[in-house]
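Enquirer: Supplied in structure tokens, the structure appears directly below.
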Amino acid sequence: MNADLLDPLQRLLAERACERLIVEFVHRLDLGDPSAVADLFTQDGTWEWPAGDRRIAGRDALRTYFDNRPADRLSRRICTNILVTVTSADTASATTYFTTYRVDGYREGLVPPRPPVQVGHYEDTFRKADDTWLLTTRTLFLSFAGPTERLAEPGQS
């Protein structure tokens with residue numbers, strides 16, 4: 001089915017489901033179980049960074065990748081300007097701007113403000129399978145990037 005033939009409600013529901021995946025991705029990564037991010041992808045889903053020539057393919061590899069996130073990492077991602085384009089009844093694409101704040105060595109409490117470590121955008125593709133929308137590809141494009149700071153151990157200066 002051509003995307004132009006979708007009724008407005010079908011299009012709206014598809015757009016909202018894809019927006020929800022984008023938000024769920026960062027929620028799981030920042031506040032939930034990072035390895036569960038893999039469940040948002042199709043079995044053959046991929047996440048890649050062209051600038052670093054990194055590519056992770058397949059749900060199992062994605063789960064391993066996200067599960068290896070440092071346990072003492074504190075991160076918050078801000079996503080905005082989410083633009084979903086429905087391309088058919090079962091496919092869509094999106095562009096999302098993001099900003100990442102992140103430190104390693106986090107124990108508890110408030111961390112004084114720092115500049116973001118990443119600013120860029122995601123380009124995503126989605127596929128609907130068994131009435132569930134999933135990410136097929138996520139490509140990360142960085143415009144600004146820096147190292148992740150490691151907080152000093154308590155009692156160190």
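Going by the structure tokens order, chains are called A, B, ..., each with residues numbered from 1, while ligands are numbered from 1 in the order shown.
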For the alpha helix (DSSP H) assignment from backbone DSSP, which residues of chain A qualify? Please present them as a PyMOL selection string.

Expert: chain A and resi 8-31+59-67

Enquirer: Could you name the residues that touch Arg73 in chain A at 7 Å or less, counting only C-alpha atoms, but leaving out those on the same chain fewer than 3 positions away, as a list in words?

Expert: Pro70, Val103, Asp104, Gly105 and Tyr106 of chain A

Enquirer: Would you kindly return, as a list of chain:residue names, each protein, DNA or RNA residue with an atom no farther than 9 Å from any atom of Ala94 in chain A, considering only C-alpha atoms and excluding same-chain residues fewer than 6 positions away?

Expert: A:Cys18, A:Glu19, A:Ile82, A:Leu83, A:Val84, A:Thr85, A:Val86, A:Tyr122, A:Glu123, A:Asp124, A:Thr125, A:Phe126

Enquirer: Please report the interatomic distance between CA of Ala71 in chain A and CA of Leu134 in chain A in Å with one decimal.

Expert: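 These two atoms are separated by 26.4 Å.
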
Enquirer: Which is closer to Arg28 in chain A than all the others in A:Ala14, A:Asp4, A:Ala51, A:Arg76, using only C-alpha atoms?

Expert: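 Counting only C-alpha atoms, the residue closest to Arg28 in chain A is A:Arg76.
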
Enquirer: Can you pull out every residue within 7 Å of Ala38 in chain A, counting only C-alpha atoms, but drop anything in the same chain fewer than 5 positions away, and send it as a list in words?

Expert: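 Those residues are Arg59, Leu62 and Arg63 of chain A.
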
Enquirer: Go through range 22-71 of chain A and collect every residue that DSSP, computed from the backbone, puts in strand (DSSP E or B); the answer should be as a PyMOL selection string.

Expert: chain A and resi 41-49+54-57

Enquirer: Between A:Leu12, A:Ala61, A:Val117, A:Ala92, which is the closest to Ala145 in chain A once you count only C-alpha atoms?

Expert: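 Among A:Leu12, A:Ala61, A:Val117, A:Ala92, it is A:Val117 that comes nearest to Ala145 in chain A.
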
Enquirer: Residues at most 12 Å from range 31-37 of chain A, counting only C-alpha atoms, excluding those fewer than 5 positions away in the same chain, as a PDB file with all heavy atoms, in the first residue's frame?

Expert:
```pdb
ATOM      1  N   LEU A  21       8.824   4.857  19.859  1.00  0.00           N
ATOM      2  CA  LEU A  21      10.057   4.064  19.817  1.00  0.00           C
ATOM      3  C   LEU A  21      11.289   4.928  20.041  1.00  0.00           C
ATOM      4  O   LEU A  21      12.218   4.529  20.751  1.00  0.00           O
ATOM      5  CB  LEU A  21      10.181   3.356  18.459  1.00  0.00           C
ATOM      6  CG  LEU A  21       9.474   2.030  18.309  1.00  0.00           C
ATOM      7  CD1 LEU A  21       9.518   1.576  16.857  1.00  0.00           C
ATOM      8  CD2 LEU A  21      10.081   0.982  19.212  1.00  0.00           C
ATOM      9  N   ILE A  22      11.304   6.096  19.431  1.00  0.00           N
ATOM     10  CA  ILE A  22      12.440   7.015  19.581  1.00  0.00           C
ATOM     11  C   ILE A  22      12.608   7.412  21.043  1.00  0.00           C
ATOM     12  O   ILE A  22      13.712   7.393  21.592  1.00  0.00           O
ATOM     13  CB  ILE A  22      12.243   8.252  18.675  1.00  0.00           C
ATOM     14  CG1 ILE A  22      12.362   7.833  17.208  1.00  0.00           C
ATOM     15  CG2 ILE A  22      13.230   9.356  19.027  1.00  0.00           C
ATOM     16  CD1 ILE A  22      11.852   8.865  16.217  1.00  0.00           C
ATOM     17  N   VAL A  23      11.513   7.752  21.691  1.00  0.00           N
ATOM     18  CA  VAL A  23      11.553   8.163  23.100  1.00  0.00           C
ATOM     19  C   VAL A  23      11.860   6.967  24.001  1.00  0.00           C
ATOM     20  O   VAL A  23      12.639   7.075  24.959  1.00  0.00           O
ATOM     21  CB  VAL A  23      10.235   8.860  23.493  1.00  0.00           C
ATOM     22  CG1 VAL A  23      10.188   9.154  24.981  1.00  0.00           C
ATOM     23  CG2 VAL A  23      10.047  10.136  22.686  1.00  0.00           C
ATOM     24  N   GLU A  24      11.282   5.815  23.696  1.00  0.00           N
ATOM     25  CA  GLU A  24      11.530   4.612  24.496  1.00  0.00           C
ATOM     26  C   GLU A  24      13.009   4.210  24.439  1.00  0.00           C
ATOM     27  O   GLU A  24      13.570   3.763  25.428  1.00  0.00           O
ATOM     28  CB  GLU A  24      10.647   3.467  24.000  1.00  0.00           C
ATOM     29  CG  GLU A  24      10.727   2.214  24.820  1.00  0.00           C
ATOM     30  CD  GLU A  24      10.092   2.327  26.201  1.00  0.00           C
ATOM     31  OE1 GLU A  24       9.224   3.193  26.401  1.00  0.00           O
ATOM     32  OE2 GLU A  24      10.495   1.546  27.084  1.00  0.00           O
ATOM     33  N   PHE A  25      13.638   4.384  23.302  1.00  0.00           N
ATOM     34  CA  PHE A  25      15.060   4.079  23.131  1.00  0.00           C
ATOM     35  C   PHE A  25      15.887   4.833  24.167  1.00  0.00           C
ATOM     36  O   PHE A  25      16.674   4.232  24.904  1.00  0.00           O
ATOM     37  CB  PHE A  25      15.480   4.464  21.709  1.00  0.00           C
ATOM     38  CG  PHE A  25      16.913   4.183  21.378  1.00  0.00           C
ATOM     39  CD1 PHE A  25      17.257   3.042  20.676  1.00  0.00           C
ATOM     40  CD2 PHE A  25      17.928   5.060  21.737  1.00  0.00           C
ATOM     41  CE1 PHE A  25      18.579   2.768  20.348  1.00  0.00           C
ATOM     42  CE2 PHE A  25      19.240   4.803  21.410  1.00  0.00           C
ATOM     43  CZ  PHE A  25      19.567   3.658  20.721  1.00  0.00           C
ATOM     44  N   VAL A  26      15.742   6.156  24.232  1.00  0.00           N
ATOM     45  CA  VAL A  26      16.556   6.936  25.173  1.00  0.00           C
ATOM     46  C   VAL A  26      16.132   6.700  26.616  1.00  0.00           C
ATOM     47  O   VAL A  26      16.966   6.730  27.516  1.00  0.00           O
ATOM     48  CB  VAL A  26      16.586   8.444  24.822  1.00  0.00           C
ATOM     49  CG1 VAL A  26      17.241   8.666  23.475  1.00  0.00           C
ATOM     50  CG2 VAL A  26      15.225   9.072  24.863  1.00  0.00           C
ATOM     51  N   THR A  42      14.219  -4.744  14.997  1.00  0.00           N
ATOM     52  CA  THR A  42      13.903  -6.003  14.343  1.00  0.00           C
ATOM     53  C   THR A  42      15.049  -6.983  14.594  1.00  0.00           C
ATOM     54  O   THR A  42      16.138  -6.575  15.017  1.00  0.00           O
ATOM     55  CB  THR A  42      13.724  -5.797  12.820  1.00  0.00           C
ATOM     56  OG1 THR A  42      14.927  -5.244  12.283  1.00  0.00           O
ATOM     57  CG2 THR A  42      12.539  -4.887  12.511  1.00  0.00           C
ATOM     58  N   GLY A  45      17.973  -5.849  12.854  1.00  0.00           N
ATOM     59  CA  GLY A  45      18.187  -4.409  12.983  1.00  0.00           C
ATOM     60  C   GLY A  45      19.648  -4.025  13.119  1.00  0.00           C
ATOM     61  O   GLY A  45      20.472  -4.822  13.567  1.00  0.00           O
ATOM     62  N   THR A  46      19.952  -2.775  12.724  1.00  0.00           N
ATOM     63  CA  THR A  46      21.329  -2.290  12.807  1.00  0.00           C
ATOM     64  C   THR A  46      21.384  -0.902  13.431  1.00  0.00           C
ATOM     65  O   THR A  46      20.440  -0.115  13.313  1.00  0.00           O
ATOM     66  CB  THR A  46      22.006  -2.215  11.418  1.00  0.00           C
ATOM     67  OG1 THR A  46      21.286  -1.298  10.592  1.00  0.00           O
ATOM     68  CG2 THR A  46      22.084  -3.559  10.757  1.00  0.00           C
ATOM     69  N   TRP A  47      22.503  -0.632  14.085  1.00  0.00           N
ATOM     70  CA  TRP A  47      22.814   0.693  14.600  1.00  0.00           C
ATOM     71  C   TRP A  47      24.215   1.011  14.112  1.00  0.00           C
ATOM     72  O   TRP A  47      25.138   0.210  14.300  1.00  0.00           O
ATOM     73  CB  TRP A  47      22.738   0.719  16.116  1.00  0.00           C
ATOM     74  CG  TRP A  47      22.742   2.101  16.691  1.00  0.00           C
ATOM     75  CD1 TRP A  47      22.366   3.251  16.057  1.00  0.00           C
ATOM     76  CD2 TRP A  47      23.127   2.498  17.998  1.00  0.00           C
ATOM     77  NE1 TRP A  47      22.486   4.334  16.896  1.00  0.00           N
ATOM     78  CE2 TRP A  47      22.956   3.897  18.096  1.00  0.00           C
ATOM     79  CE3 TRP A  47      23.602   1.818  19.102  1.00  0.00           C
ATOM     80  CZ2 TRP A  47      23.240   4.614  19.245  1.00  0.00           C
ATOM     81  CZ3 TRP A  47      23.876   2.538  20.247  1.00  0.00           C
ATOM     82  CH2 TRP A  47      23.693   3.920  20.323  1.00  0.00           C
ATOM     83  N   ARG A  59      19.829  -8.301  16.591  1.00  0.00           N
ATOM     84  CA  ARG A  59      19.329  -8.037  17.952  1.00  0.00           C
ATOM     85  C   ARG A  59      20.265  -8.583  19.030  1.00  0.00           C
ATOM     86  O   ARG A  59      20.503  -7.922  20.041  1.00  0.00           O
ATOM     87  CB  ARG A  59      17.923  -8.608  18.115  1.00  0.00           C
ATOM     88  CG  ARG A  59      17.262  -8.117  19.382  1.00  0.00           C
ATOM     89  CD  ARG A  59      15.873  -8.666  19.549  1.00  0.00           C
ATOM     90  NE  ARG A  59      14.935  -7.945  18.692  1.00  0.00           N
ATOM     91  CZ  ARG A  59      13.720  -8.382  18.410  1.00  0.00           C
ATOM     92  NH1 ARG A  59      13.298  -9.535  18.898  1.00  0.00           N
ATOM     93  NH2 ARG A  59      12.920  -7.673  17.644  1.00  0.00           N
ATOM     94  N   ASP A  60      20.830  -9.764  18.830  1.00  0.00           N
ATOM     95  CA  ASP A  60      21.737 -10.333  19.842  1.00  0.00           C
ATOM     96  C   ASP A  60      22.989  -9.481  20.009  1.00  0.00           C
ATOM     97  O   ASP A  60      23.436  -9.222  21.130  1.00  0.00           O
ATOM     98  CB  ASP A  60      22.110 -11.771  19.494  1.00  0.00           C
ATOM     99  CG  ASP A  60      20.930 -12.728  19.632  1.00  0.00           C
ATOM    100  OD1 ASP A  60      19.968 -12.393  20.360  1.00  0.00           O
ATOM    101  OD2 ASP A  60      20.964 -13.802  18.996  1.00  0.00           O
ATOM    102  N   ALA A  61      23.563  -9.037  18.889  1.00  0.00           N
ATOM    103  CA  ALA A  61      24.753  -8.180  18.958  1.00  0.00           C
ATOM    104  C   ALA A  61      24.417  -6.832  19.597  1.00  0.00           C
ATOM    105  O   ALA A  61      25.219  -6.291  20.369  1.00  0.00           O
ATOM    106  CB  ALA A  61      25.333  -7.971  17.561  1.00  0.00           C
ATOM    107  N   LEU A  62      23.245  -6.317  19.306  1.00  0.00           N
ATOM    108  CA  LEU A  62      22.819  -5.052  19.925  1.00  0.00           C
ATOM    109  C   LEU A  62      22.661  -5.221  21.435  1.00  0.00           C
ATOM    110  O   LEU A  62      23.080  -4.367  22.209  1.00  0.00           O
ATOM    111  CB  LEU A  62      21.509  -4.566  19.297  1.00  0.00           C
ATOM    112  CG  LEU A  62      21.631  -4.022  17.879  1.00  0.00           C
ATOM    113  CD1 LEU A  62      20.276  -3.991  17.187  1.00  0.00           C
ATOM    114  CD2 LEU A  62      22.250  -2.632  17.901  1.00  0.00           C
ATOM    115  N   ARG A  63      22.064  -6.332  21.844  1.00  0.00           N
ATOM    116  CA  ARG A  63      21.885  -6.578  23.288  1.00  0.00           C
ATOM    117  C   ARG A  63      23.242  -6.640  23.987  1.00  0.00           C
ATOM    118  O   ARG A  63      23.443  -6.057  25.045  1.00  0.00           O
ATOM    119  CB  ARG A  63      21.103  -7.864  23.514  1.00  0.00           C
ATOM    120  CG  ARG A  63      20.726  -8.079  24.978  1.00  0.00           C
ATOM    121  CD  ARG A  63      19.813  -9.274  25.192  1.00  0.00           C
ATOM    122  NE  ARG A  63      18.805  -9.511  24.184  1.00  0.00           N
ATOM    123  CZ  ARG A  63      17.687  -8.812  24.020  1.00  0.00           C
ATOM    124  NH1 ARG A  63      17.427  -7.805  24.825  1.00  0.00           N
ATOM    125  NH2 ARG A  63      16.825  -9.109  23.076  1.00  0.00           N
ATOM    126  N   THR A  64      24.196  -7.340  23.390  1.00  0.00           N
ATOM    127  CA  THR A  64      25.544  -7.426  23.964  1.00  0.00           C
ATOM    128  C   THR A  64      26.174  -6.045  24.047  1.00  0.00           C
ATOM    129  O   THR A  64      26.768  -5.682  25.068  1.00  0.00           O
ATOM    130  CB  THR A  64      26.422  -8.372  23.120  1.00  0.00           C
ATOM    131  OG1 THR A  64      25.832  -9.680  23.131  1.00  0.00           O
ATOM    132  CG2 THR A  64      27.837  -8.430  23.649  1.00  0.00           C
ATOM    133  N   TYR A  65      26.056  -5.269  22.972  1.00  0.00           N
ATOM    134  CA  TYR A  65      26.624  -3.924  22.953  1.00  0.00           C
ATOM    135  C   TYR A  65      26.035  -3.064  24.075  1.00  0.00           C
ATOM    136  O   TYR A  65      26.780  -2.466  24.861  1.00  0.00           O
ATOM    137  CB  TYR A  65      26.374  -3.258  21.595  1.00  0.00           C
ATOM    138  CG  TYR A  65      26.788  -1.815  21.574  1.00  0.00           C
ATOM    139  CD1 TYR A  65      28.121  -1.458  21.423  1.00  0.00           C
ATOM    140  CD2 TYR A  65      25.854  -0.795  21.738  1.00  0.00           C
ATOM    141  CE1 TYR A  65      28.517  -0.129  21.428  1.00  0.00           C
ATOM    142  CE2 TYR A  65      26.239   0.533  21.749  1.00  0.00           C
ATOM    143  CZ  TYR A  65      27.564   0.855  21.589  1.00  0.00           C
ATOM    144  OH  TYR A  65      27.948   2.165  21.613  1.00  0.00           O
ATOM    145  N   PHE A  66      24.730  -2.997  24.176  1.00  0.00           N
ATOM    146  CA  PHE A  66      24.105  -2.146  25.192  1.00  0.00           C
ATOM    147  C   PHE A  66      24.329  -2.690  26.600  1.00  0.00           C
ATOM    148  O   PHE A  66      24.411  -1.924  27.555  1.00  0.00           O
ATOM    149  CB  PHE A  66      22.612  -1.970  24.910  1.00  0.00           C
ATOM    150  CG  PHE A  66      22.331  -1.129  23.705  1.00  0.00           C
ATOM    151  CD1 PHE A  66      21.711  -1.661  22.597  1.00  0.00           C
ATOM    152  CD2 PHE A  66      22.707   0.206  23.666  1.00  0.00           C
ATOM    153  CE1 PHE A  66      21.450  -0.881  21.477  1.00  0.00           C
ATOM    154  CE2 PHE A  66      22.462   0.997  22.556  1.00  0.00           C
ATOM    155  CZ  PHE A  66      21.828   0.446  21.454  1.00  0.00           C
ATOM    156  N   ASP A  67      24.444  -3.991  26.737  1.00  0.00           N
ATOM    157  CA  ASP A  67      24.687  -4.599  28.043  1.00  0.00           C
ATOM    158  C   ASP A  67      26.093  -4.286  28.554  1.00  0.00           C
ATOM    159  O   ASP A  67      26.346  -4.346  29.757  1.00  0.00           O
ATOM    160  CB  ASP A  67      24.488  -6.118  27.956  1.00  0.00           C
ATOM    161  CG  ASP A  67      24.209  -6.736  29.307  1.00  0.00           C
ATOM    162  OD1 ASP A  67      23.563  -6.075  30.146  1.00  0.00           O
ATOM    163  OD2 ASP A  67      24.623  -7.884  29.521  1.00  0.00           O
ATOM    164  N   ASN A  68      27.008  -3.925  27.668  1.00  0.00           N
ATOM    165  CA  ASN A  68      28.383  -3.594  28.060  1.00  0.00           C
ATOM    166  C   ASN A  68      28.559  -2.131  28.442  1.00  0.00           C
ATOM    167  O   ASN A  68      29.685  -1.685  28.676  1.00  0.00           O
ATOM    168  CB  ASN A  68      29.359  -3.962  26.935  1.00  0.00           C
ATOM    169  CG  ASN A  68      29.579  -5.448  26.875  1.00  0.00           C
ATOM    170  OD1 ASN A  68      29.580  -6.118  27.894  1.00  0.00           O
ATOM    171  ND2 ASN A  68      29.737  -5.970  25.675  1.00  0.00           N
ATOM    172  N   ARG A  69      27.487  -1.393  28.532  1.00  0.00           N
ATOM    173  CA  ARG A  69      27.544  -0.004  28.963  1.00  0.00           C
ATOM    174  C   ARG A  69      28.103   0.038  30.386  1.00  0.00           C
ATOM    175  O   ARG A  69      27.731  -0.797  31.220  1.00  0.00           O
ATOM    176  CB  ARG A  69      26.124   0.564  28.910  1.00  0.00           C
ATOM    177  CG  ARG A  69      25.960   1.939  29.453  1.00  0.00           C
ATOM    178  CD  ARG A  69      24.451   2.248  29.490  1.00  0.00           C
ATOM    179  NE  ARG A  69      24.184   3.292  30.428  1.00  0.00           N
ATOM    180  CZ  ARG A  69      23.884   4.530  30.076  1.00  0.00           C
ATOM    181  NH1 ARG A  69      23.774   4.844  28.819  1.00  0.00           N
ATOM    182  NH2 ARG A  69      23.672   5.446  30.986  1.00  0.00           N
ATOM    183  N   PRO A  70      29.014   0.973  30.692  1.00  0.00           N
ATOM    184  CA  PRO A  70      29.561   1.045  32.056  1.00  0.00           C
ATOM    185  C   PRO A  70      28.459   1.180  33.115  1.00  0.00           C
ATOM    186  O   PRO A  70      27.538   1.982  32.962  1.00  0.00           O
ATOM    187  CB  PRO A  70      30.442   2.300  32.023  1.00  0.00           C
ATOM    188  CG  PRO A  70      30.795   2.477  30.578  1.00  0.00           C
ATOM    189  CD  PRO A  70      29.592   1.997  29.810  1.00  0.00           C
ATOM    190  N   ALA A  71      28.557   0.388  34.164  1.00  0.00           N
ATOM    191  CA  ALA A  71      27.537   0.392  35.216  1.00  0.00           C
ATOM    192  C   ALA A  71      27.493   1.721  35.962  1.00  0.00           C
ATOM    193  O   ALA A  71      26.459   2.088  36.526  1.00  0.00           O
ATOM    194  CB  ALA A  71      27.800  -0.750  36.196  1.00  0.00           C
ATOM    195  N   ARG A  73      27.819   4.726  34.630  1.00  0.00           N
ATOM    196  CA  ARG A  73      27.554   5.818  33.685  1.00  0.00           C
ATOM    197  C   ARG A  73      26.216   6.491  34.027  1.00  0.00           C
ATOM    198  O   ARG A  73      25.206   5.828  34.218  1.00  0.00           O
ATOM    199  CB  ARG A  73      27.505   5.296  32.248  1.00  0.00           C
ATOM    200  CG  ARG A  73      27.157   6.392  31.234  1.00  0.00           C
ATOM    201  CD  ARG A  73      27.473   5.977  29.840  1.00  0.00           C
ATOM    202  NE  ARG A  73      28.919   6.061  29.660  1.00  0.00           N
ATOM    203  CZ  ARG A  73      29.554   5.634  28.587  1.00  0.00           C
ATOM    204  NH1 ARG A  73      28.893   5.086  27.594  1.00  0.00           N
ATOM    205  NH2 ARG A  73      30.866   5.749  28.504  1.00  0.00           N
ATOM    206  N   LEU A  74      26.248   7.808  34.090  1.00  0.00           N
ATOM    207  CA  LEU A  74      25.042   8.629  34.223  1.00  0.00           C
ATOM    208  C   LEU A  74      24.880   9.369  32.908  1.00  0.00           C
ATOM    209  O   LEU A  74      25.810  10.074  32.472  1.00  0.00           O
ATOM    210  CB  LEU A  74      25.189   9.630  35.379  1.00  0.00           C
ATOM    211  CG  LEU A  74      24.077  10.675  35.502  1.00  0.00           C
ATOM    212  CD1 LEU A  74      22.745  10.013  35.850  1.00  0.00           C
ATOM    213  CD2 LEU A  74      24.451  11.728  36.524  1.00  0.00           C
ATOM    214  N   SER A  75      23.735   9.193  32.267  1.00  0.00           N
ATOM    215  CA  SER A  75      23.506   9.885  31.004  1.00  0.00           C
ATOM    216  C   SER A  75      22.064  10.357  30.913  1.00  0.00           C
ATOM    217  O   SER A  75      21.165   9.770  31.521  1.00  0.00           O
ATOM    218  CB  SER A  75      23.826   8.971  29.810  1.00  0.00           C
ATOM    219  OG  SER A  75      22.962   7.851  29.791  1.00  0.00           O
ATOM    220  N   ARG A  76      21.893  11.423  30.186  1.00  0.00           N
ATOM    221  CA  ARG A  76      20.566  11.939  29.850  1.00  0.00           C
ATOM    222  C   ARG A  76      20.635  12.428  28.417  1.00  0.00           C
ATOM    223  O   ARG A  76      21.522  13.196  28.049  1.00  0.00           O
ATOM    224  CB  ARG A  76      20.121  13.074  30.769  1.00  0.00           C
ATOM    225  CG  ARG A  76      19.919  12.674  32.213  1.00  0.00           C
ATOM    226  CD  ARG A  76      18.754  11.681  32.347  1.00  0.00           C
ATOM    227  NE  ARG A  76      18.505  11.323  33.719  1.00  0.00           N
ATOM    228  CZ  ARG A  76      19.043  10.283  34.350  1.00  0.00           C
ATOM    229  NH1 ARG A  76      19.911   9.511  33.722  1.00  0.00           N
ATOM    230  NH2 ARG A  76      18.753  10.015  35.591  1.00  0.00           N
ATOM    231  N   ARG A  77      19.704  11.961  27.624  1.00  0.00           N
ATOM    232  CA  ARG A  77      19.615  12.374  26.229  1.00  0.00           C
ATOM    233  C   ARG A  77      18.358  13.199  26.038  1.00  0.00           C
ATOM    234  O   ARG A  77      17.296  12.814  26.515  1.00  0.00           O
ATOM    235  CB  ARG A  77      19.587  11.152  25.309  1.00  0.00           C
ATOM    236  CG  ARG A  77      20.927  10.483  25.214  1.00  0.00           C
ATOM    237  CD  ARG A  77      20.825   9.102  24.589  1.00  0.00           C
ATOM    238  NE  ARG A  77      22.129   8.467  24.564  1.00  0.00           N
ATOM    239  CZ  ARG A  77      22.697   7.890  25.616  1.00  0.00           C
ATOM    240  NH1 ARG A  77      22.072   7.841  26.776  1.00  0.00           N
ATOM    241  NH2 ARG A  77      23.897   7.348  25.521  1.00  0.00           N
ATOM    242  N   LEU A 134       8.897  -1.490  14.866  1.00  0.00           N
ATOM    243  CA  LEU A 134      10.241  -1.691  15.397  1.00  0.00           C
ATOM    244  C   LEU A 134      11.239  -0.906  14.558  1.00  0.00           C
ATOM    245  O   LEU A 134      10.991  -0.613  13.383  1.00  0.00           O
ATOM    246  CB  LEU A 134      10.620  -3.179  15.361  1.00  0.00           C
ATOM    247  CG  LEU A 134       9.797  -4.112  16.252  1.00  0.00           C
ATOM    248  CD1 LEU A 134      10.088  -5.563  15.907  1.00  0.00           C
ATOM    249  CD2 LEU A 134      10.066  -3.829  17.719  1.00  0.00           C
ATOM    250  N   LEU A 135      12.370  -0.582  15.166  1.00  0.00           N
ATOM    251  CA  LEU A 135      13.462   0.041  14.433  1.00  0.00           C
ATOM    252  C   LEU A 135      14.118  -1.000  13.520  1.00  0.00           C
ATOM    253  O   LEU A 135      14.396  -2.121  13.957  1.00  0.00           O
ATOM    254  CB  LEU A 135      14.526   0.564  15.399  1.00  0.00           C
ATOM    255  CG  LEU A 135      14.231   1.881  16.094  1.00  0.00           C
ATOM    256  CD1 LEU A 135      15.041   2.004  17.378  1.00  0.00           C
ATOM    257  CD2 LEU A 135      14.529   3.030  15.157  1.00  0.00           C
ATOM    258  N   ARG A 138      19.152   2.423  12.739  1.00  0.00           N
ATOM    259  CA  ARG A 138      19.392   3.707  13.405  1.00  0.00           C
ATOM    260  C   ARG A 138      20.813   4.110  13.027  1.00  0.00           C
ATOM    261  O   ARG A 138      21.764   3.371  13.281  1.00  0.00           O
ATOM    262  CB  ARG A 138      19.257   3.607  14.912  1.00  0.00           C
ATOM    263  CG  ARG A 138      19.811   4.858  15.621  1.00  0.00           C
ATOM    264  CD  ARG A 138      19.212   5.083  16.967  1.00  0.00           C
ATOM    265  NE  ARG A 138      17.970   5.814  16.771  1.00  0.00           N
ATOM    266  CZ  ARG A 138      17.287   6.387  17.741  1.00  0.00           C
ATOM    267  NH1 ARG A 138      17.705   6.299  18.987  1.00  0.00           N
ATOM    268  NH2 ARG A 138      16.170   7.037  17.486  1.00  0.00           N
TER     269      ARG A 138
END
```

Enquirer: Give the answer as one residue: which of A:Arg16, A:Arg55, A:Arg114, A:Lys128 has the shortest atom-to-atom distance to Asp90 in chain A, using only C-alpha atoms?

Expert: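 The shortest atom-to-atom distance to Asp90 in chain A comes from A:Lys128.
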
Enquirer: Quick one: of A:Leu13, A:Asp53, A:Arg107, A:Thr99, who's nearest to Ala152 in chain A, counting only C-alpha atoms?

Expert: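 Of the candidates, the smallest distance to Ala152 in chain A is held by A:Arg107.
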
Enquirer: Just checking: using only C-alpha atoms, which residue out of A:Val111, A:Ala17, A:Gln118, A:Trp133 ends up closest to Arg150 in chain A?

Expert: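 So, comparing all the options, the nearest one is A:Val111.
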
Enquirer: Give the answer as one residue: which of A:Asp7, A:Trp49, A:Thr91, A:Ile78 has the shortest atom-to-atom distance to Asp131 in chain A, using only C-alpha atoms?

Expert: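 Counting only C-alpha atoms, the residue closest to Asp131 in chain A is A:Thr91.
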
Enquirer: What is the CA of Pro116 in chain A-CA of Thr80 in chain A distance in Å, reported with one decimal?

Expert: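 So the two atoms, CA of Pro116 in chain A and CA of Thr80 in chain A, lie 14.8 Å apart.
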
Enquirer: Can you tell me how far CA of Asp30 in chain A sits from CA of Arg102 in chain A, in Å to one decimal?

Expert: 9.6 Å
